[in-house]
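Have a look at entry13.txt; it's compact mmCIF, C-alpha atoms:
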# COMPACT_ATOMS: atom_id res chain seq x y z
CA MET A 51 6.86 25.13 -18.66
CA THR A 52 4.06 23.49 -16.66
CA GLN A 53 5.09 20.16 -15.17
CA ALA A 54 3.07 17.06 -16.02
CA VAL A 55 1.97 14.48 -13.46
CA LEU A 56 0.46 11.07 -14.14
CA VAL A 57 -2.01 9.84 -11.51
CA THR A 58 -2.88 6.16 -11.84
CA GLY A 59 -6.45 4.96 -11.37
CA GLY A 60 -8.24 8.25 -11.91
CA SER A 61 -11.68 6.93 -10.99
CA GLY A 62 -10.57 6.04 -7.45
CA PHE A 63 -11.36 7.92 -4.25
CA VAL A 64 -7.80 8.96 -3.41
CA ALA A 65 -6.74 9.46 -7.03
CA GLY A 66 -9.65 11.83 -7.62
CA TRP A 67 -8.53 14.14 -4.85
CA CYS A 68 -4.91 13.94 -6.01
CA ILE A 69 -6.07 15.10 -9.43
CA VAL A 70 -8.06 17.95 -7.90
CA GLU A 71 -5.16 19.18 -5.76
CA LEU A 72 -2.66 18.96 -8.60
CA LEU A 73 -4.94 20.97 -10.88
CA ARG A 74 -5.45 23.57 -8.16
CA ARG A 75 -1.68 23.94 -7.89
CA GLY A 76 -1.18 24.49 -11.60
CA TYR A 77 0.05 21.12 -12.83
CA THR A 78 -0.91 19.44 -16.07
CA VAL A 79 -2.49 16.16 -15.06
CA ARG A 80 -2.82 12.86 -16.86
CA THR A 81 -4.68 9.94 -15.41
CA THR A 82 -5.26 6.33 -16.35
CA LEU A 83 -8.54 4.46 -16.51
CA ARG A 84 -9.06 0.74 -16.90
CA ASN A 85 -12.33 1.53 -18.66
CA PRO A 86 -12.17 4.63 -20.92
CA ALA A 87 -15.96 4.89 -20.79
CA ARG A 88 -15.61 6.27 -17.26
CA GLU A 89 -13.91 9.46 -18.47
CA PRO A 90 -17.09 11.61 -18.47
CA ALA A 91 -17.89 10.54 -14.90
CA VAL A 92 -14.37 11.35 -13.67
CA ARG A 93 -14.40 14.71 -15.43
CA ALA A 94 -17.74 15.52 -13.80
CA ALA A 95 -16.45 14.51 -10.38
CA VAL A 96 -13.35 16.71 -10.71
CA ALA A 97 -15.45 19.58 -12.09
CA SER A 98 -17.62 19.51 -8.96
CA VAL A 99 -14.75 21.12 -7.03
CA THR A 100 -12.34 22.64 -9.57
CA ASP A 101 -12.16 23.64 -13.24
CA ALA A 102 -9.80 21.31 -15.08
CA GLY A 103 -9.98 23.17 -18.38
CA ASP A 104 -7.63 21.49 -20.85
CA ALA A 105 -5.14 20.56 -18.12
CA LEU A 106 -6.59 17.06 -17.59
CA SER A 107 -6.21 14.19 -20.04
CA PHE A 108 -6.99 10.48 -19.92
CA TYR A 109 -5.21 7.30 -21.01
CA ALA A 110 -6.46 3.73 -21.15
CA ALA A 111 -4.23 1.49 -19.04
CA ASP A 112 -4.87 -1.51 -16.81
CA LEU A 113 -2.67 -2.75 -13.97
CA THR A 114 -2.94 -6.28 -15.39
CA ALA A 115 -1.62 -5.45 -18.89
CA ASP A 116 1.43 -3.73 -20.40
CA SER A 117 -0.42 -1.80 -23.09
CA GLY A 118 -1.00 1.91 -22.57
CA TRP A 119 1.53 2.58 -19.83
CA ASP A 120 4.41 3.79 -21.99
CA GLU A 121 2.12 6.18 -23.83
CA ALA A 122 0.61 7.51 -20.59
CA MET A 123 4.04 8.02 -19.03
CA ALA A 124 5.85 9.63 -21.98
CA GLY A 125 6.83 13.22 -21.21
CA CYS A 126 5.70 13.15 -17.58
CA ASP A 127 7.79 14.74 -14.86
CA PHE A 128 6.19 12.85 -11.98
CA VAL A 129 3.90 9.91 -11.33
CA LEU A 130 1.62 9.31 -8.36
CA HIS A 131 0.90 5.59 -8.33
CA VAL A 132 -2.33 5.54 -6.38
CA ALA A 133 -4.27 2.78 -8.13
CA SER A 134 -4.69 -0.53 -6.34
CA PRO A 135 -7.49 -3.11 -6.36
CA LEU A 136 -9.96 -2.79 -3.49
CA GLY A 137 -12.99 -5.00 -3.22
CA ALA A 138 -14.79 -7.98 -1.78
CA ASP A 139 -13.36 -10.33 -4.39
CA GLY A 140 -10.19 -10.63 -2.38
CA ALA A 141 -12.03 -12.34 0.47
CA LYS A 142 -12.85 -15.30 -1.77
CA ASP A 143 -9.80 -15.19 -3.99
CA PRO A 144 -6.79 -13.32 -2.54
CA ALA A 145 -5.02 -13.47 -5.89
CA ALA A 146 -7.74 -11.17 -7.30
CA LEU A 147 -6.18 -8.35 -5.27
CA ILE A 148 -2.61 -9.46 -4.72
CA ALA A 149 -1.58 -10.15 -8.31
CA PRO A 150 -2.85 -6.86 -9.81
CA ALA A 151 -1.38 -4.83 -6.93
CA LEU A 152 2.03 -6.48 -7.10
CA ASP A 153 2.41 -6.91 -10.85
CA GLY A 154 0.66 -3.62 -11.55
CA THR A 155 3.03 -1.67 -9.32
CA LEU A 156 6.07 -3.11 -11.08
CA ARG A 157 4.43 -2.43 -14.45
CA VAL A 158 3.91 1.25 -13.55
CA LEU A 159 7.40 1.71 -12.12
CA ARG A 160 9.00 0.02 -15.11
CA ALA A 161 7.20 2.42 -17.45
CA ALA A 162 8.16 5.36 -15.24
CA THR A 163 11.87 4.52 -15.23
CA ASN A 164 11.86 3.80 -18.96
CA ALA A 165 10.30 7.22 -19.56
CA GLY A 166 12.82 8.99 -17.34
CA VAL A 167 10.22 10.30 -14.89
CA GLN A 168 11.92 12.45 -12.24
CA ARG A 169 10.10 11.00 -9.26
CA ALA A 170 7.52 8.33 -8.52
CA VAL A 171 5.39 8.44 -5.38
CA MET A 172 3.50 5.28 -4.48
CA THR A 173 0.51 4.86 -2.17
CA SER A 174 1.22 1.99 0.18
CA ALA A 175 -0.60 1.50 3.52
CA ALA A 176 0.16 1.81 7.20
CA THR A 177 -0.25 -1.96 7.46
CA ALA A 178 3.14 -2.24 5.71
CA ALA A 179 4.69 -0.65 8.81
CA THR A 180 2.75 -2.65 11.40
CA PRO A 181 4.02 -5.43 13.66
CA ARG A 182 2.18 -8.73 14.07
CA LEU A 183 -1.46 -8.34 15.09
CA LYS A 184 -1.08 -10.87 17.89
CA GLY A 185 1.26 -8.53 19.76
CA ALA A 186 0.37 -5.94 22.38
CA ASP A 187 -0.77 -2.39 21.68
CA SER A 188 2.12 -0.47 20.20
CA VAL A 189 3.41 2.51 18.26
CA SER A 190 5.52 2.15 15.14
CA ASP A 191 7.22 4.38 12.60
CA GLU A 192 8.59 4.02 9.07
CA THR A 193 11.50 1.86 10.21
CA GLN A 194 9.02 -0.94 10.99
CA TRP A 195 8.28 -3.51 8.28
CA PHE A 196 5.54 -6.10 8.36
CA ASP A 197 6.20 -9.72 9.22
CA PRO A 198 6.10 -11.62 5.89
CA GLU A 199 4.98 -14.76 7.72
CA GLU A 200 1.77 -13.10 8.92
CA THR A 201 -1.17 -14.14 6.75
CA ILE A 202 -4.18 -13.30 8.92
CA VAL A 203 -4.50 -9.67 7.84
CA GLY A 204 -6.66 -10.14 4.73
CA ALA A 205 -5.93 -10.00 1.01
CA TYR A 206 -6.03 -6.22 0.66
CA ARG A 207 -3.47 -5.64 3.38
CA ILE A 208 -1.27 -8.42 2.05
CA SER A 209 -1.46 -6.90 -1.43
CA LYS A 210 -0.34 -3.49 -0.14
CA ARG A 211 2.50 -5.00 1.89
CA LEU A 212 3.87 -7.12 -0.93
CA ALA A 213 3.50 -4.36 -3.51
CA GLU A 214 5.51 -1.86 -1.48
CA ARG A 215 8.25 -4.36 -0.69
CA ALA A 216 8.53 -5.33 -4.36
CA ALA A 217 8.54 -1.66 -5.39
CA TRP A 218 11.51 -0.84 -3.16
CA ASP A 219 13.40 -3.91 -4.35
CA PHE A 220 12.82 -2.88 -7.97
CA MET A 221 13.63 0.82 -7.53
CA GLN A 222 16.85 0.12 -5.67
CA GLN A 223 18.16 -1.35 -8.93
CA GLN A 224 17.16 1.70 -10.98
CA ARG A 225 18.88 5.01 -11.68
CA GLY A 226 17.44 8.37 -12.65
CA THR A 227 13.97 8.12 -11.09
CA ALA A 228 13.60 8.96 -7.40
CA PHE A 229 11.10 6.98 -5.34
CA THR A 230 8.98 7.65 -2.26
CA THR A 231 6.13 5.79 -0.58
CA ILE A 232 3.17 7.11 1.42
CA LEU A 233 1.58 4.86 4.06
CA PRO A 234 -1.93 6.08 4.96
CA GLY A 235 -4.32 4.91 7.64
CA ALA A 236 -8.08 4.58 7.13
CA VAL A 237 -9.00 7.11 4.45
CA PHE A 238 -12.22 9.05 4.92
CA GLY A 239 -13.46 12.47 3.86
CA PRO A 240 -15.82 13.96 1.27
CA ILE A 241 -16.50 11.92 -1.86
CA LEU A 242 -16.26 13.32 -5.38
CA SER A 243 -18.42 10.58 -6.85
CA ALA A 244 -20.73 7.85 -5.64
CA GLU A 245 -19.17 5.38 -8.06
CA ASN A 246 -16.04 4.58 -6.08
CA MET A 247 -16.13 5.31 -2.37
CA GLY A 248 -13.42 2.99 -1.09
CA SER A 249 -13.17 2.92 2.71
CA VAL A 250 -15.90 5.59 2.97
CA GLN A 251 -18.41 2.76 2.73
CA VAL A 252 -17.79 2.18 6.44
CA ILE A 253 -19.42 5.53 7.21
CA GLY A 254 -22.23 4.82 4.77
CA ARG A 255 -23.08 1.55 6.51
CA LEU A 256 -23.19 3.27 9.88
CA LEU A 257 -25.57 5.97 8.58
CA GLN A 258 -27.78 3.35 6.93
CA GLY A 259 -28.03 1.34 10.14
CA ARG A 260 -26.49 -1.70 8.47
CA VAL A 261 -24.14 -2.26 11.41
CA GLY A 262 -25.85 -3.94 14.35
CA GLY A 263 -23.47 -2.46 16.89
CA ASN A 264 -20.00 -1.03 17.33
CA PRO A 265 -17.32 -3.72 17.37
CA ARG A 266 -14.09 -3.14 19.25
CA LEU A 267 -12.27 -2.11 16.10
CA GLY A 268 -10.29 1.08 15.68
CA PHE A 269 -9.05 3.22 12.79
CA GLU A 270 -6.39 5.88 12.34
CA VAL A 271 -8.57 8.36 10.49
CA VAL A 272 -6.84 10.38 7.76
CA ASP A 273 -8.61 12.86 5.50
CA VAL A 274 -8.43 12.13 1.77
CA ARG A 275 -7.67 15.82 1.14
CA ASP A 276 -4.71 15.66 3.51
CA LEU A 277 -3.59 12.44 1.88
CA ALA A 278 -3.55 14.13 -1.53
CA ASP A 279 -1.56 16.97 0.00
CA VAL A 280 1.12 14.70 1.46
CA HIS A 281 1.52 12.94 -1.90
CA ILE A 282 2.25 16.28 -3.58
CA ARG A 283 4.58 17.34 -0.78
CA ALA A 284 6.49 14.08 -1.19
CA MET A 285 6.55 14.62 -4.95
CA THR A 286 8.21 18.03 -4.63
CA SER A 287 10.30 17.90 -1.44
CA PRO A 288 14.06 17.56 -2.00
CA GLN A 289 14.23 15.48 1.19
CA SER A 290 11.70 12.82 0.20
CA PRO A 291 13.52 10.59 -2.33
CA GLY A 292 14.28 7.18 -0.86
CA GLU A 293 11.93 7.69 2.09
CA ARG A 294 8.72 6.19 3.46
CA PHE A 295 6.19 8.50 5.10
CA LEU A 296 3.35 7.40 7.34
CA ALA A 297 0.20 9.48 6.80
CA THR A 298 -2.20 8.55 9.56
CA GLY A 299 -4.45 10.57 11.84
CA GLU A 300 -6.28 10.24 15.14
CA PHE A 301 -7.05 6.73 16.35
CA LEU A 302 -10.76 6.27 16.97
CA TRP A 303 -12.71 3.21 18.00
CA MET A 304 -15.87 2.46 16.03
CA ALA A 305 -17.85 3.62 19.06
CA ASP A 306 -16.05 6.99 18.86
CA ILE A 307 -16.83 7.32 15.15
CA SER A 308 -20.51 6.56 15.79
CA ARG A 309 -20.59 9.11 18.60
CA VAL A 310 -19.12 11.83 16.36
CA LEU A 311 -21.75 11.15 13.70
CA ARG A 312 -24.62 11.24 16.20
CA GLU A 313 -23.39 14.43 17.85
CA HIS A 314 -22.91 16.39 14.62
CA LEU A 315 -25.55 15.09 12.21
CA GLY A 316 -28.71 15.07 14.28
CA ASP A 317 -31.59 13.18 12.70
CA ALA A 318 -29.42 12.11 9.75
CA ALA A 319 -27.53 9.86 12.18
CA ARG A 320 -30.59 8.33 13.84
CA LYS A 321 -29.69 4.85 12.54
CA VAL A 322 -26.08 4.97 13.73
CA PRO A 323 -25.61 2.27 16.39
CA THR A 324 -25.23 3.19 20.04
CA ARG A 325 -24.59 -0.21 21.59
CA ALA A 326 -21.42 -2.25 21.62
CA LEU A 327 -21.13 -5.37 19.49
CA PRO A 328 -19.68 -8.22 21.57
CA ASP A 329 -16.48 -9.78 20.25
CA LEU A 330 -18.20 -13.16 20.20
CA VAL A 331 -20.77 -11.95 17.69
CA LEU A 332 -18.12 -10.79 15.25
CA ARG A 333 -16.19 -14.02 15.69
CA LEU A 334 -19.31 -16.04 14.93
CA VAL A 335 -20.01 -13.97 11.82
CA SER A 336 -16.42 -14.48 10.70
CA LEU A 337 -17.01 -18.23 10.50
CA PHE A 338 -19.35 -17.64 7.55
CA ASP A 339 -18.05 -14.35 6.11
CA PRO A 340 -14.46 -14.37 4.79
CA GLY A 341 -14.55 -10.57 4.60
CA VAL A 342 -15.02 -10.33 8.36
CA ARG A 343 -12.57 -13.08 9.27
CA PHE A 344 -9.45 -10.97 8.85
CA LEU A 345 -10.85 -8.30 11.20
CA THR A 346 -11.07 -10.50 14.28
CA PRO A 347 -7.34 -10.39 15.16
CA SER A 348 -7.66 -6.61 15.49
CA LEU A 349 -10.49 -6.73 18.05
CA GLY A 350 -9.61 -4.56 21.04
CA ARG A 351 -6.14 -3.84 19.69
CA LYS A 352 -4.84 -0.27 19.49
CA HIS A 353 -1.83 0.06 17.26
CA VAL A 354 -0.88 3.55 16.14
CA HIS A 355 1.74 4.95 13.81
CA SER A 356 3.89 8.01 14.32
CA THR A 357 3.70 10.75 11.68
CA ALA A 358 6.56 12.74 13.21
CA LYS A 359 8.68 12.16 10.10
CA ALA A 360 6.06 13.55 7.70
CA GLN A 361 5.57 16.53 9.99
CA ARG A 362 9.30 17.20 10.31
CA VAL A 363 10.43 16.56 6.73
CA LEU A 364 7.35 17.53 4.71
CA GLY A 365 5.63 19.99 7.05
CA TRP A 366 2.51 17.84 6.82
CA GLN A 367 -0.31 17.74 9.36
CA SER A 368 -3.62 15.89 9.32
CA ARG A 369 -6.79 17.72 10.27
CA PRO A 370 -8.99 16.70 13.24
CA ALA A 371 -10.80 13.41 12.71
CA THR A 372 -14.15 14.98 13.63
CA GLU A 373 -13.93 17.38 10.69
CA THR A 374 -13.05 14.52 8.34
CA LEU A 375 -15.90 12.28 9.52
CA VAL A 376 -18.54 15.01 9.45
CA ASP A 377 -17.51 16.21 5.99
CA CYS A 378 -17.51 12.61 4.81
CA ALA A 379 -21.00 11.93 6.13
CA LYS A 380 -22.41 15.17 4.77
CA SER A 381 -21.05 14.42 1.30
CA LEU A 382 -22.61 10.94 1.38
CA ILE A 383 -25.96 12.46 2.36
CA ALA A 384 -25.72 15.20 -0.27
CA SER A 385 -24.88 12.61 -2.93
CA LYS A 386 -27.86 10.47 -1.84
CA CYS A 387 -25.57 7.54 -1.10
CA VAL A 388 -27.30 6.86 2.23
Can you turn what I pasted into structure tokens?
Amino acid sequence: MTQAVLVTGGSGFVAGWCIVELLRRGYTVRTTLRNPAREPAVRAAVASVTDAGDALSFYAADLTADSGWDEAMAGCDFVLHVASPLGADGAKDPAALIAPALDGTLRVLRAATNAGVQRAVMTSAATAATPRLKGADSVSDETQWFDPEETIVGAYRISKRLAERAAWDFMQQQRGTAFTTILPGAVFGPILSAENMGSVQVIGRLLQGRVGGNPRLGFEVVDVRDLADVHIRAMTSPQSPGERFLATGEFLWMADISRVLREHLGDAARKVPTRALPDLVLRLVSLFDPGVRFLTPSLGRKHVHSTAKAQRVLGWQSRPATETLVDCAKSLIASKCV
């Protein structure tokens, strides 16, 4: 019998690719949508790369409400909890991101354990395994946990940190459902839809010339396709229950990302900045823009995460960052998003 997997937040960037990869591997896939009216758009996005046939179904469920989750979860073998709020609202009101991420995660896991799901895999973030930003450059692995007293990292990162910690605390009291978390870096790669691009907007802004220069900020670039793959590996590996897995890629400064785009895209990258943006400029902007304020502690800081565990236990490997960035940019251009 074909195994059924529930993917939360089906309209999201990462969730979309998880759905695609699961369908390609023969699973029956269910996904949740906060707004059922988005089903045709999600179906079209998935259909752009694979034929879902009758193997994909949709359920109305919101991270902020109990209704719909038990129905969506009933009869599922696995759940990939990918959904999490991501948006500018958190800069003005942190609770707009933190509460749905934290409460929503517990809501999903409660429904999963009640339904007797075999295994739940949750998307966390590498920030949950990162030491204080005021420290020196460093390398960390899954044994590292964030400092709960650190509040300068922005609402989104705080929401991911608190949600993963709460998830482990909850699941340690449960029996029958195995649990694993995936901690990705900065997720780029080709988009399935222009409606929800997540972190890919960074590349879009560079191509549009909306960034006046390259600040001294760096990212561990991971491809969304590789991220979907590591979720499925964690879902099926007998060694993954009870484990955290970092899923990061090459560390690149913004200047490196801009250089890759200019070298591989020709005229399409003519607006990509070539000059450096002084730290002082970003700090001045942060005085008026809450969304920029949480970035300033990371200026000039290179913290990387080891993926040795994911490689050793799951056989996972991320592709070269150049391939990810170029494919990402080309998909944005093809979709007329830039």
**Request:** Up to 9 Å from (-9.2, 11.8, 2.0) in the file's coordinates: name the residues, counting only C-alpha atoms, as a list in words.
**Result:** Phe63, Val64, Trp67, Ala236, Val237, Phe238, Gly239, Pro240, Ile241, Val272, Asp273, Val274, Arg275, Asp276, Leu277, Ala278, Thr374 and Cys378 of chain A
Atoms to include: C-alpha atoms. Write the selected residues as an mmCIF file, keeping the file's coordinate frame.
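What follows is the written file again.cif:
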data_model
loop_
_atom_site.group_PDB
_atom_site.id
_atom_site.type_symbol
_atom_site.label_atom_id
_atom_site.label_comp_id
_atom_site.auth_asym_id
_atom_site.auth_seq_id
_atom_site.Cartn_x
_atom_site.Cartn_y
_atom_site.Cartn_z
ATOM 1 C CA PHE A 63 -11.360 7.920 -4.250
ATOM 2 C CA VAL A 64 -7.800 8.960 -3.410
ATOM 3 C CA TRP A 67 -8.530 14.140 -4.850
ATOM 4 C CA ALA A 236 -8.080 4.580 7.130
ATOM 5 C CA VAL A 237 -9.000 7.110 4.450
ATOM 6 C CA PHE A 238 -12.220 9.050 4.920
ATOM 7 C CA GLY A 239 -13.460 12.470 3.860
ATOM 8 C CA PRO A 240 -15.820 13.960 1.270
ATOM 9 C CA ILE A 241 -16.500 11.920 -1.860
ATOM 10 C CA VAL A 272 -6.840 10.380 7.760
ATOM 11 C CA ASP A 273 -8.610 12.860 5.500
ATOM 12 C CA VAL A 274 -8.430 12.130 1.770
ATOM 13 C CA ARG A 275 -7.670 15.820 1.140
ATOM 14 C CA ASP A 276 -4.710 15.660 3.510
ATOM 15 C CA LEU A 277 -3.590 12.440 1.880
ATOM 16 C CA ALA A 278 -3.550 14.130 -1.530
ATOM 17 C CA THR A 374 -13.050 14.520 8.340
ATOM 18 C CA CYS A 378 -17.510 12.610 4.810
#
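Comparing the minimum interatomic distances between A:Trp366 and each of A:Leu296, A:Met247, A:Ala205, A:Leu330, counting only C-alpha atoms, we find that A:Leu296 sits nearest.
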**Selection: 9 Å around stretch 358-363 of chain A, all atoms listed in the file, excl. self and same-chain fewer than 4 positions, as a count of residues only** = 12
**Message:** Residues near A:Gly259, anyone? I mean within 12 Å using all atoms listed in the file, not counting same-chain ones fewer than 4 positions away, as JSON, numbers by chain.
**Reply:** {"A": [252, 253, 254, 255, 263, 264, 308, 318, 319, 320, 321, 322, 323, 324, 388]}
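Look at A:Val354: the protein and nucleic acid residues within 9 Å of it, using only C-alpha atoms and passing over chain neighbours fewer than 6 places away, are Thr180, Asp187, Ser188, Val189, Ser190, Asp191, Phe269, Glu270, Thr298, Gly299, Glu300 and Phe301 of chain A.
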Mind dumping the selected residues with C-alpha atoms as a PDB file, keeping the file's coordinate frame?
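Generated file (result_11.pdb):
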ATOM      1  CA  THR A 180       2.750  -2.650  11.400  1.00  0.00           C
ATOM      2  CA  ASP A 187      -0.770  -2.390  21.680  1.00  0.00           C
ATOM      3  CA  SER A 188       2.120  -0.470  20.200  1.00  0.00           C
ATOM      4  CA  VAL A 189       3.410   2.510  18.260  1.00  0.00           C
ATOM      5  CA  SER A 190       5.520   2.150  15.140  1.00  0.00           C
ATOM      6  CA  ASP A 191       7.220   4.380  12.600  1.00  0.00           C
ATOM      7  CA  PHE A 269      -9.050   3.220  12.790  1.00  0.00           C
ATOM      8  CA  GLU A 270      -6.390   5.880  12.340  1.00  0.00           C
ATOM      9  CA  THR A 298      -2.200   8.550   9.560  1.00  0.00           C
ATOM     10  CA  GLY A 299      -4.450  10.570  11.840  1.00  0.00           C
ATOM     11  CA  GLU A 300      -6.280  10.240  15.140  1.00  0.00           C
ATOM     12  CA  PHE A 301      -7.050   6.730  16.350  1.00  0.00           C
TER      13      PHE A 301
END
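In this structure, atom CA of A:Gln224 sits 18.0 Å away from atom CA of A:Trp119.
With all atoms listed in the file as the basis for measurement, A:Leu113 is the residue among A:Val167, A:Leu337, A:Met285, A:Leu113 that approaches A:Ala151 most closely.
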**Message:** Would you pick out the contacts of A:Gly292 at 12 Å or less, using all atoms listed in the file, so that residues sharing its chain but fewer than 4 positions from it are not included, and give the list as a PyMOL selection string?
**Reply:** chain A and resi 169-172+192+217-219+221-222+224-225+227-232+284-285+287-288
Can you tell me which residues surround A:Asn246 at a distance of at most 12 Å, considering all atoms listed in the file, apart from same-chain residues fewer than 6 positions away, and format the answer as a PDB file with C-alpha atoms, in the coordinates of the input?
ATOM      1  CA  GLY A  59      -6.450   4.960 -11.370  1.00  0.00           C
ATOM      2  CA  GLY A  60      -8.240   8.250 -11.910  1.00  0.00           C
ATOM      3  CA  SER A  61     -11.680   6.930 -10.990  1.00  0.00           C
ATOM      4  CA  GLY A  62     -10.570   6.040  -7.450  1.00  0.00           C
ATOM      5  CA  PHE A  63     -11.360   7.920  -4.250  1.00  0.00           C
ATOM      6  CA  VAL A  64      -7.800   8.960  -3.410  1.00  0.00           C
ATOM      7  CA  ALA A  65      -6.740   9.460  -7.030  1.00  0.00           C
ATOM      8  CA  GLY A  66      -9.650  11.830  -7.620  1.00  0.00           C
ATOM      9  CA  ARG A  88     -15.610   6.270 -17.260  1.00  0.00           C
ATOM     10  CA  ALA A  91     -17.890  10.540 -14.900  1.00  0.00           C
ATOM     11  CA  VAL A  92     -14.370  11.350 -13.670  1.00  0.00           C
ATOM     12  CA  ALA A  95     -16.450  14.510 -10.380  1.00  0.00           C
ATOM     13  CA  PRO A 135      -7.490  -3.110  -6.360  1.00  0.00           C
ATOM     14  CA  LEU A 136      -9.960  -2.790  -3.490  1.00  0.00           C
ATOM     15  CA  GLY A 137     -12.990  -5.000  -3.220  1.00  0.00           C
ATOM     16  CA  PRO A 240     -15.820  13.960   1.270  1.00  0.00           C
ATOM     17  CA  LEU A 382     -22.610  10.940   1.380  1.00  0.00           C
ATOM     18  CA  CYS A 387     -25.570   7.540  -1.100  1.00  0.00           C
TER      19      CYS A 387
END
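Compared by their closest atoms to A:Glu200, and using all atoms listed in the file, the residues A:Pro347, A:Val79, A:Ala176, A:Leu302 rank with A:Pro347 nearest.
Reported to one decimal place, the separation of atom CA of A:Arg84 from atom CA of A:Ala111 is 5.3 Å.
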**Message:** One number please: atom CA of A:Cys126 to atom CA of A:Glu89, in Å, one decimal.
**Reply:** 20.0 Å
Output stretch 200-214 of chain A with N, CA and C atoms present, as a PDB file, keeping the file's coordinate frame.
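And here's result01.pdb as it stands now:
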ATOM      1  N   GLU A 200       3.123 -13.350   8.426  1.00  0.00           N
ATOM      2  CA  GLU A 200       1.770 -13.100   8.920  1.00  0.00           C
ATOM      3  C   GLU A 200       0.779 -13.122   7.761  1.00  0.00           C
ATOM      4  N   THR A 201      -0.207 -13.986   7.849  1.00  0.00           N
ATOM      5  CA  THR A 201      -1.170 -14.140   6.750  1.00  0.00           C
ATOM      6  C   THR A 201      -2.607 -13.916   7.189  1.00  0.00           C
ATOM      7  N   ILE A 202      -2.818 -13.427   8.402  1.00  0.00           N
ATOM      8  CA  ILE A 202      -4.180 -13.300   8.920  1.00  0.00           C
ATOM      9  C   ILE A 202      -4.746 -11.889   8.748  1.00  0.00           C
ATOM     10  N   VAL A 203      -4.096 -11.072   7.935  1.00  0.00           N
ATOM     11  CA  VAL A 203      -4.500  -9.670   7.840  1.00  0.00           C
ATOM     12  C   VAL A 203      -5.428  -9.387   6.665  1.00  0.00           C
ATOM     13  N   GLY A 204      -5.743 -10.357   5.840  1.00  0.00           N
ATOM     14  CA  GLY A 204      -6.660 -10.140   4.730  1.00  0.00           C
ATOM     15  C   GLY A 204      -5.913  -9.812   3.443  1.00  0.00           C
ATOM     16  N   ALA A 205      -6.568 -10.111   2.327  1.00  0.00           N
ATOM     17  CA  ALA A 205      -5.930 -10.000   1.010  1.00  0.00           C
ATOM     18  C   ALA A 205      -5.523  -8.577   0.673  1.00  0.00           C
ATOM     19  N   TYR A 206      -6.373  -7.603   1.014  1.00  0.00           N
ATOM     20  CA  TYR A 206      -6.030  -6.220   0.660  1.00  0.00           C
ATOM     21  C   TYR A 206      -4.756  -5.777   1.349  1.00  0.00           C
ATOM     22  N   ARG A 207      -4.663  -6.047   2.652  1.00  0.00           N
ATOM     23  CA  ARG A 207      -3.470  -5.640   3.380  1.00  0.00           C
ATOM     24  C   ARG A 207      -2.234  -6.384   2.887  1.00  0.00           C
ATOM     25  N   ILE A 208      -2.398  -7.656   2.594  1.00  0.00           N
ATOM     26  CA  ILE A 208      -1.270  -8.420   2.050  1.00  0.00           C
ATOM     27  C   ILE A 208      -0.834  -7.825   0.716  1.00  0.00           C
ATOM     28  N   SER A 209      -1.793  -7.455  -0.120  1.00  0.00           N
ATOM     29  CA  SER A 209      -1.460  -6.900  -1.430  1.00  0.00           C
ATOM     30  C   SER A 209      -0.664  -5.601  -1.293  1.00  0.00           C
ATOM     31  N   LYS A 210      -1.048  -4.754  -0.346  1.00  0.00           N
ATOM     32  CA  LYS A 210      -0.340  -3.490  -0.140  1.00  0.00           C
ATOM     33  C   LYS A 210       1.071  -3.744   0.391  1.00  0.00           C
ATOM     34  N   ARG A 211       1.196  -4.678   1.309  1.00  0.00           N
ATOM     35  CA  ARG A 211       2.500  -5.000   1.890  1.00  0.00           C
ATOM     36  C   ARG A 211       3.463  -5.519   0.821  1.00  0.00           C
ATOM     37  N   LEU A 212       3.009  -6.507   0.064  1.00  0.00           N
ATOM     38  CA  LEU A 212       3.870  -7.120  -0.930  1.00  0.00           C
ATOM     39  C   LEU A 212       4.215  -6.146  -2.063  1.00  0.00           C
ATOM     40  N   ALA A 213       3.255  -5.313  -2.430  1.00  0.00           N
ATOM     41  CA  ALA A 213       3.500  -4.360  -3.510  1.00  0.00           C
ATOM     42  C   ALA A 213       4.560  -3.337  -3.111  1.00  0.00           C
ATOM     43  N   GLU A 214       4.493  -2.838  -1.879  1.00  0.00           N
ATOM     44  CA  GLU A 214       5.510  -1.860  -1.480  1.00  0.00           C
ATOM     45  C   GLU A 214       6.890  -2.496  -1.385  1.00  0.00           C
TER      46      GLU A 214
END
